[in-house]
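Reading through the structure tokens given below for one structure.
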Amino acid sequence: VQLQASGGGLVQAGGSLRLSCTASERTFSTYAIGWWRRAPGKEREFVAGVGVIIKDTYYSDSVKGRFTISRDNAKNTVNLQMNNLKPEDTAVYFCAALRRDVLVVVATIKTPSLYETWGQGTQVTVSS
């Protein structure tokens, strides 16, 4: 599956952005999807994930309560609603598809080596 991330931009602290991850393949709904980010000079960091079952969502502690991940399988889209953004949220954000032979649990969805496909990134910049 090929993924396309969009929706990044420049926003002031406290503002909101919504990122979208889309794919053209109908198999998109059979993949758990994760959002990751990489800030300058830092390691890639898990942000949020959603399982094949829509109610199964996962968040990093740094974004819990501020970000919401959702998926619309009819539109082949996973969205990441980001509210109350902080300057430390500044990063390039990527969506990725978890291997379908992997059981989707907290440990696996937070392991980057278990993802089989990564989309191109979208830049999010939060000014103070």
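Identifiers in this document derive from the order of the structure tokens: chains are assigned A, B, ..., residues are numbered from 1 separately in each chain, and ligands are numbered from 1 in order of occurrence.
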
Determine, for each residue of range 20-50 of chain A having at least one atom at most 9 Å from an atom of range 100-108 of chain A, the closest pair of atoms and their separation in Å to one decimal, counting only C-alpha atoms; order by chain and ascending number, as CSV.
```
residue,atom,partner,partner_atom,distance
A:Thr30,CA,A:Arg100,CA,7.3
A:Tyr31,CA,A:Arg100,CA,6.0
A:Ala32,CA,A:Val104,CA,7.3
A:Val50,CA,A:Val104,CA,9.0
```

Contacts of Arg38 in chain A at 7 Å or less, counting only C-alpha atoms, minus same-chain residues fewer than 4 places along, as a count of residues only?
7

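The coordinates place CA of Gly49 in chain A at 14.6 Å from CA of Leu3 in chain A.
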
Could you write out, as an NGL selection string, all the residues of chain A that DSSP marks as strand (DSSP E or B)?
:A and (4-6 or 9-12 or 17-22 or 33-38 or 45-50 or 57-59 or 67-72 or 77-82 or 91-98 or 115-118 or 122-127)

Neighbouring residues of Leu98 in chain A were defined as those with any atom within 8 Å, considering only C-alpha atoms; residues of the same chain fewer than 6 positions away were excluded. Please report them as an MDAnalysis selection string.
chainID A and resid 31:34 109 114:117

Residues at most 10 Å from Ile69 in chain A, counting only C-alpha atoms, excluding those fewer than 6 positions away in the same chain, as a PDB file with all heavy atoms, in the first residue's frame?
```
ATOM      1  N   ARG A  18      -4.938  19.440  11.231  1.00  0.00           N
ATOM      2  CA  ARG A  18      -5.387  18.079  11.000  1.00  0.00           C
ATOM      3  C   ARG A  18      -4.569  17.475   9.872  1.00  0.00           C
ATOM      4  O   ARG A  18      -4.559  18.015   8.749  1.00  0.00           O
ATOM      5  CB  ARG A  18      -6.868  18.011  10.648  1.00  0.00           C
ATOM      6  CG  ARG A  18      -7.377  16.570  10.605  1.00  0.00           C
ATOM      7  CD  ARG A  18      -8.873  16.484  10.397  1.00  0.00           C
ATOM      8  NE  ARG A  18      -9.231  16.676   8.992  1.00  0.00           N
ATOM      9  CZ  ARG A  18     -10.401  16.315   8.487  1.00  0.00           C
ATOM     10  NH1 ARG A  18     -11.309  15.766   9.258  1.00  0.00           N
ATOM     11  NH2 ARG A  18     -10.664  16.526   7.217  1.00  0.00           N
ATOM     12  N   LEU A  19      -3.892  16.402  10.186  1.00  0.00           N
ATOM     13  CA  LEU A  19      -3.131  15.672   9.190  1.00  0.00           C
ATOM     14  C   LEU A  19      -3.980  14.528   8.635  1.00  0.00           C
ATOM     15  O   LEU A  19      -4.796  13.942   9.362  1.00  0.00           O
ATOM     16  CB  LEU A  19      -1.850  15.110   9.788  1.00  0.00           C
ATOM     17  CG  LEU A  19      -0.925  16.099  10.485  1.00  0.00           C
ATOM     18  CD1 LEU A  19       0.347  15.379  10.943  1.00  0.00           C
ATOM     19  CD2 LEU A  19      -0.591  17.279   9.599  1.00  0.00           C
ATOM     20  N   SER A  20      -3.763  14.226   7.374  1.00  0.00           N
ATOM     21  CA  SER A  20      -4.475  13.118   6.753  1.00  0.00           C
ATOM     22  C   SER A  20      -3.488  12.171   6.089  1.00  0.00           C
ATOM     23  O   SER A  20      -2.483  12.608   5.526  1.00  0.00           O
ATOM     24  CB  SER A  20      -5.460  13.635   5.698  1.00  0.00           C
ATOM     25  OG  SER A  20      -6.498  14.378   6.291  1.00  0.00           O
ATOM     26  N   ILE A  33      -2.508   1.671  11.137  1.00  0.00           N
ATOM     27  CA  ILE A  33      -1.754   2.840  10.682  1.00  0.00           C
ATOM     28  C   ILE A  33      -1.184   3.585  11.878  1.00  0.00           C
ATOM     29  O   ILE A  33      -1.878   3.806  12.875  1.00  0.00           O
ATOM     30  CB  ILE A  33      -2.648   3.783   9.862  1.00  0.00           C
ATOM     31  CG1 ILE A  33      -3.203   3.066   8.628  1.00  0.00           C
ATOM     32  CG2 ILE A  33      -1.883   5.046   9.465  1.00  0.00           C
ATOM     33  CD1 ILE A  33      -2.158   2.647   7.612  1.00  0.00           C
ATOM     34  N   GLY A  34       0.052   3.983  11.755  1.00  0.00           N
ATOM     35  CA  GLY A  34       0.692   4.780  12.799  1.00  0.00           C
ATOM     36  C   GLY A  34       1.144   6.118  12.264  1.00  0.00           C
ATOM     37  O   GLY A  34       1.511   6.245  11.090  1.00  0.00           O
ATOM     38  N   TRP A  35       1.093   7.112  13.108  1.00  0.00           N
ATOM     39  CA  TRP A  35       1.692   8.423  12.833  1.00  0.00           C
ATOM     40  C   TRP A  35       2.972   8.532  13.657  1.00  0.00           C
ATOM     41  O   TRP A  35       2.966   8.246  14.864  1.00  0.00           O
ATOM     42  CB  TRP A  35       0.750   9.563  13.205  1.00  0.00           C
ATOM     43  CG  TRP A  35      -0.311   9.842  12.193  1.00  0.00           C
ATOM     44  CD1 TRP A  35      -1.609   9.440  12.231  1.00  0.00           C
ATOM     45  CD2 TRP A  35      -0.170  10.600  10.989  1.00  0.00           C
ATOM     46  NE1 TRP A  35      -2.280   9.895  11.131  1.00  0.00           N
ATOM     47  CE2 TRP A  35      -1.422  10.619  10.345  1.00  0.00           C
ATOM     48  CE3 TRP A  35       0.894  11.281  10.388  1.00  0.00           C
ATOM     49  CZ2 TRP A  35      -1.636  11.276   9.142  1.00  0.00           C
ATOM     50  CZ3 TRP A  35       0.677  11.938   9.182  1.00  0.00           C
ATOM     51  CH2 TRP A  35      -0.572  11.933   8.569  1.00  0.00           C
ATOM     52  N   VAL A  47       3.757   8.726  17.544  1.00  0.00           N
ATOM     53  CA  VAL A  47       2.797   9.745  17.971  1.00  0.00           C
ATOM     54  C   VAL A  47       1.444   9.109  18.306  1.00  0.00           C
ATOM     55  O   VAL A  47       0.931   9.264  19.410  1.00  0.00           O
ATOM     56  CB  VAL A  47       2.610  10.810  16.872  1.00  0.00           C
ATOM     57  CG1 VAL A  47       1.547  11.827  17.274  1.00  0.00           C
ATOM     58  CG2 VAL A  47       3.928  11.507  16.573  1.00  0.00           C
ATOM     59  N   ALA A  48       0.876   8.407  17.343  1.00  0.00           N
ATOM     60  CA  ALA A  48      -0.455   7.815  17.531  1.00  0.00           C
ATOM     61  C   ALA A  48      -0.653   6.706  16.524  1.00  0.00           C
ATOM     62  O   ALA A  48      -0.008   6.684  15.478  1.00  0.00           O
ATOM     63  CB  ALA A  48      -1.543   8.870  17.379  1.00  0.00           C
ATOM     64  N   GLY A  49      -1.543   5.783  16.864  1.00  0.00           N
ATOM     65  CA  GLY A  49      -1.835   4.692  15.943  1.00  0.00           C
ATOM     66  C   GLY A  49      -3.276   4.246  16.071  1.00  0.00           C
ATOM     67  O   GLY A  49      -3.923   4.475  17.105  1.00  0.00           O
ATOM     68  N   VAL A  50      -3.762   3.620  15.018  1.00  0.00           N
ATOM     69  CA  VAL A  50      -5.119   3.083  15.022  1.00  0.00           C
ATOM     70  C   VAL A  50      -5.079   1.700  14.397  1.00  0.00           C
ATOM     71  O   VAL A  50      -4.421   1.479  13.379  1.00  0.00           O
ATOM     72  CB  VAL A  50      -6.089   4.013  14.276  1.00  0.00           C
ATOM     73  CG1 VAL A  50      -5.694   4.208  12.816  1.00  0.00           C
ATOM     74  CG2 VAL A  50      -7.522   3.513  14.387  1.00  0.00           C
ATOM     75  N   ILE A  54     -11.527   0.182  14.406  1.00  0.00           N
ATOM     76  CA  ILE A  54     -11.447   1.629  14.561  1.00  0.00           C
ATOM     77  C   ILE A  54     -11.309   2.068  16.013  1.00  0.00           C
ATOM     78  O   ILE A  54     -10.640   3.059  16.308  1.00  0.00           O
ATOM     79  CB  ILE A  54     -12.668   2.276  13.895  1.00  0.00           C
ATOM     80  CG1 ILE A  54     -12.597   2.050  12.375  1.00  0.00           C
ATOM     81  CG2 ILE A  54     -12.772   3.759  14.221  1.00  0.00           C
ATOM     82  CD1 ILE A  54     -13.819   2.503  11.630  1.00  0.00           C
ATOM     83  N   LYS A  55     -11.902   1.334  16.932  1.00  0.00           N
ATOM     84  CA  LYS A  55     -11.883   1.763  18.335  1.00  0.00           C
ATOM     85  C   LYS A  55     -10.530   1.532  18.995  1.00  0.00           C
ATOM     86  O   LYS A  55     -10.274   2.046  20.077  1.00  0.00           O
ATOM     87  CB  LYS A  55     -12.969   1.036  19.121  1.00  0.00           C
ATOM     88  CG  LYS A  55     -12.707  -0.462  19.298  1.00  0.00           C
ATOM     89  CD  LYS A  55     -13.801  -1.080  20.150  1.00  0.00           C
ATOM     90  CE  LYS A  55     -13.552  -2.567  20.328  1.00  0.00           C
ATOM     91  NZ  LYS A  55     -12.337  -2.828  21.107  1.00  0.00           N
ATOM     92  N   ASP A  56      -9.659   0.794  18.349  1.00  0.00           N
ATOM     93  CA  ASP A  56      -8.336   0.521  18.925  1.00  0.00           C
ATOM     94  C   ASP A  56      -7.386   1.646  18.559  1.00  0.00           C
ATOM     95  O   ASP A  56      -6.862   1.697  17.443  1.00  0.00           O
ATOM     96  CB  ASP A  56      -7.797  -0.814  18.401  1.00  0.00           C
ATOM     97  CG  ASP A  56      -8.588  -1.996  18.910  1.00  0.00           C
ATOM     98  OD1 ASP A  56      -9.280  -1.855  19.931  1.00  0.00           O
ATOM     99  OD2 ASP A  56      -8.507  -3.069  18.286  1.00  0.00           O
ATOM    100  N   THR A  57      -7.179   2.544  19.505  1.00  0.00           N
ATOM    101  CA  THR A  57      -6.286   3.681  19.269  1.00  0.00           C
ATOM    102  C   THR A  57      -5.188   3.706  20.319  1.00  0.00           C
ATOM    103  O   THR A  57      -5.358   3.222  21.439  1.00  0.00           O
ATOM    104  CB  THR A  57      -7.060   5.006  19.304  1.00  0.00           C
ATOM    105  OG1 THR A  57      -7.728   5.141  20.558  1.00  0.00           O
ATOM    106  CG2 THR A  57      -8.082   5.070  18.181  1.00  0.00           C
ATOM    107  N   TYR A  58      -4.067   4.277  19.936  1.00  0.00           N
ATOM    108  CA  TYR A  58      -2.871   4.306  20.774  1.00  0.00           C
ATOM    109  C   TYR A  58      -2.234   5.682  20.661  1.00  0.00           C
ATOM    110  O   TYR A  58      -2.217   6.281  19.582  1.00  0.00           O
ATOM    111  CB  TYR A  58      -1.877   3.238  20.296  1.00  0.00           C
ATOM    112  CG  TYR A  58      -2.491   1.861  20.141  1.00  0.00           C
ATOM    113  CD1 TYR A  58      -3.168   1.509  18.979  1.00  0.00           C
ATOM    114  CD2 TYR A  58      -2.386   0.922  21.154  1.00  0.00           C
ATOM    115  CE1 TYR A  58      -3.732   0.262  18.823  1.00  0.00           C
ATOM    116  CE2 TYR A  58      -2.949  -0.346  21.013  1.00  0.00           C
ATOM    117  CZ  TYR A  58      -3.622  -0.666  19.845  1.00  0.00           C
ATOM    118  OH  TYR A  58      -4.182  -1.905  19.712  1.00  0.00           O
ATOM    119  N   TYR A  59      -1.699   6.171  21.774  1.00  0.00           N
ATOM    120  CA  TYR A  59      -1.093   7.492  21.793  1.00  0.00           C
ATOM    121  C   TYR A  59       0.181   7.482  22.620  1.00  0.00           C
ATOM    122  O   TYR A  59       0.297   6.750  23.600  1.00  0.00           O
ATOM    123  CB  TYR A  59      -2.055   8.526  22.394  1.00  0.00           C
ATOM    124  CG  TYR A  59      -3.325   8.711  21.612  1.00  0.00           C
ATOM    125  CD1 TYR A  59      -4.486   8.007  21.950  1.00  0.00           C
ATOM    126  CD2 TYR A  59      -3.384   9.589  20.539  1.00  0.00           C
ATOM    127  CE1 TYR A  59      -5.655   8.164  21.229  1.00  0.00           C
ATOM    128  CE2 TYR A  59      -4.551   9.759  19.813  1.00  0.00           C
ATOM    129  CZ  TYR A  59      -5.677   9.040  20.161  1.00  0.00           C
ATOM    130  OH  TYR A  59      -6.827   9.201  19.445  1.00  0.00           O
ATOM    131  N   VAL A  78      -6.856   8.017   7.214  1.00  0.00           N
ATOM    132  CA  VAL A  78      -6.632   8.105   8.654  1.00  0.00           C
ATOM    133  C   VAL A  78      -6.252   9.551   8.957  1.00  0.00           C
ATOM    134  O   VAL A  78      -5.336  10.094   8.336  1.00  0.00           O
ATOM    135  CB  VAL A  78      -5.524   7.152   9.117  1.00  0.00           C
ATOM    136  CG1 VAL A  78      -5.123   7.458  10.553  1.00  0.00           C
ATOM    137  CG2 VAL A  78      -5.986   5.699   9.004  1.00  0.00           C
ATOM    138  N   ASN A  79      -6.969  10.146   9.884  1.00  0.00           N
ATOM    139  CA  ASN A  79      -6.726  11.538  10.248  1.00  0.00           C
ATOM    140  C   ASN A  79      -6.078  11.640  11.619  1.00  0.00           C
ATOM    141  O   ASN A  79      -6.322  10.803  12.499  1.00  0.00           O
ATOM    142  CB  ASN A  79      -8.036  12.327  10.262  1.00  0.00           C
ATOM    143  CG  ASN A  79      -8.634  12.457   8.882  1.00  0.00           C
ATOM    144  OD1 ASN A  79      -7.937  12.747   7.908  1.00  0.00           O
ATOM    145  ND2 ASN A  79      -9.928  12.245   8.778  1.00  0.00           N
ATOM    146  N   LEU A  80      -5.286  12.662  11.785  1.00  0.00           N
ATOM    147  CA  LEU A  80      -4.702  12.983  13.082  1.00  0.00           C
ATOM    148  C   LEU A  80      -5.062  14.428  13.393  1.00  0.00           C
ATOM    149  O   LEU A  80      -4.506  15.353  12.801  1.00  0.00           O
ATOM    150  CB  LEU A  80      -3.177  12.811  13.076  1.00  0.00           C
ATOM    151  CG  LEU A  80      -2.504  13.039  14.425  1.00  0.00           C
ATOM    152  CD1 LEU A  80      -2.899  11.945  15.409  1.00  0.00           C
ATOM    153  CD2 LEU A  80      -0.979  13.084  14.274  1.00  0.00           C
ATOM    154  N   GLN A  81      -6.016  14.596  14.291  1.00  0.00           N
ATOM    155  CA  GLN A  81      -6.424  15.934  14.726  1.00  0.00           C
ATOM    156  C   GLN A  81      -5.504  16.365  15.863  1.00  0.00           C
ATOM    157  O   GLN A  81      -5.428  15.685  16.894  1.00  0.00           O
ATOM    158  CB  GLN A  81      -7.875  15.921  15.200  1.00  0.00           C
ATOM    159  CG  GLN A  81      -8.373  17.262  15.701  1.00  0.00           C
ATOM    160  CD  GLN A  81      -8.439  18.317  14.616  1.00  0.00           C
ATOM    161  OE1 GLN A  81      -8.871  18.039  13.501  1.00  0.00           O
ATOM    162  NE2 GLN A  81      -8.008  19.531  14.932  1.00  0.00           N
ATOM    163  N   MET A  82      -4.827  17.470  15.663  1.00  0.00           N
ATOM    164  CA  MET A  82      -3.850  17.944  16.642  1.00  0.00           C
ATOM    165  C   MET A  82      -4.314  19.269  17.200  1.00  0.00           C
ATOM    166  O   MET A  82      -4.399  20.265  16.473  1.00  0.00           O
ATOM    167  CB  MET A  82      -2.473  18.098  15.984  1.00  0.00           C
ATOM    168  CG  MET A  82      -1.998  16.837  15.275  1.00  0.00           C
ATOM    169  SD  MET A  82      -0.306  16.946  14.656  1.00  0.00           S
ATOM    170  CE  MET A  82      -0.483  18.257  13.462  1.00  0.00           C
TER     171      MET A  82
END
```

Just to confirm, what's the straight-line distance from CA of Gly15 in chain A to CA of Ala39 in chain A in Å (one decimal)?
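Going from CA of Gly15 in chain A over to CA of Ala39 in chain A covers 18.6 Å.
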
Enumerate the residues of range 1-121 of chain A with a DSSP assignment of helix (DSSP H, G or I), computed from the backbone, and present them as number ranges by chain.
A: 26-30, 73-75, 87-89, 106-109, 112-114

Measure the distance from CA of Ser113 in chain A to CA of Gly7 in chain A in Å and round it to one decimal.
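Computed distance, CA of Ser113 in chain A to CA of Gly7 in chain A, equals 25.1 Å.
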
So, with only C-alpha atoms as the atoms that count, which of A:Thr90, A:Ala97, A:Val52, A:Leu17 lies closest to Asp72 in chain A?
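Answer, going by the shortest atom-to-atom distance: A:Val52.
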
Here is a test: counting only C-alpha atoms, which residue of A:Thr125, A:Ser24, A:Ser29, A:Ser16 is nearest to Glu88 in chain A?
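Between A:Thr125, A:Ser24, A:Ser29, A:Ser16, the residue approaching Glu88 in chain A most closely is A:Thr125.
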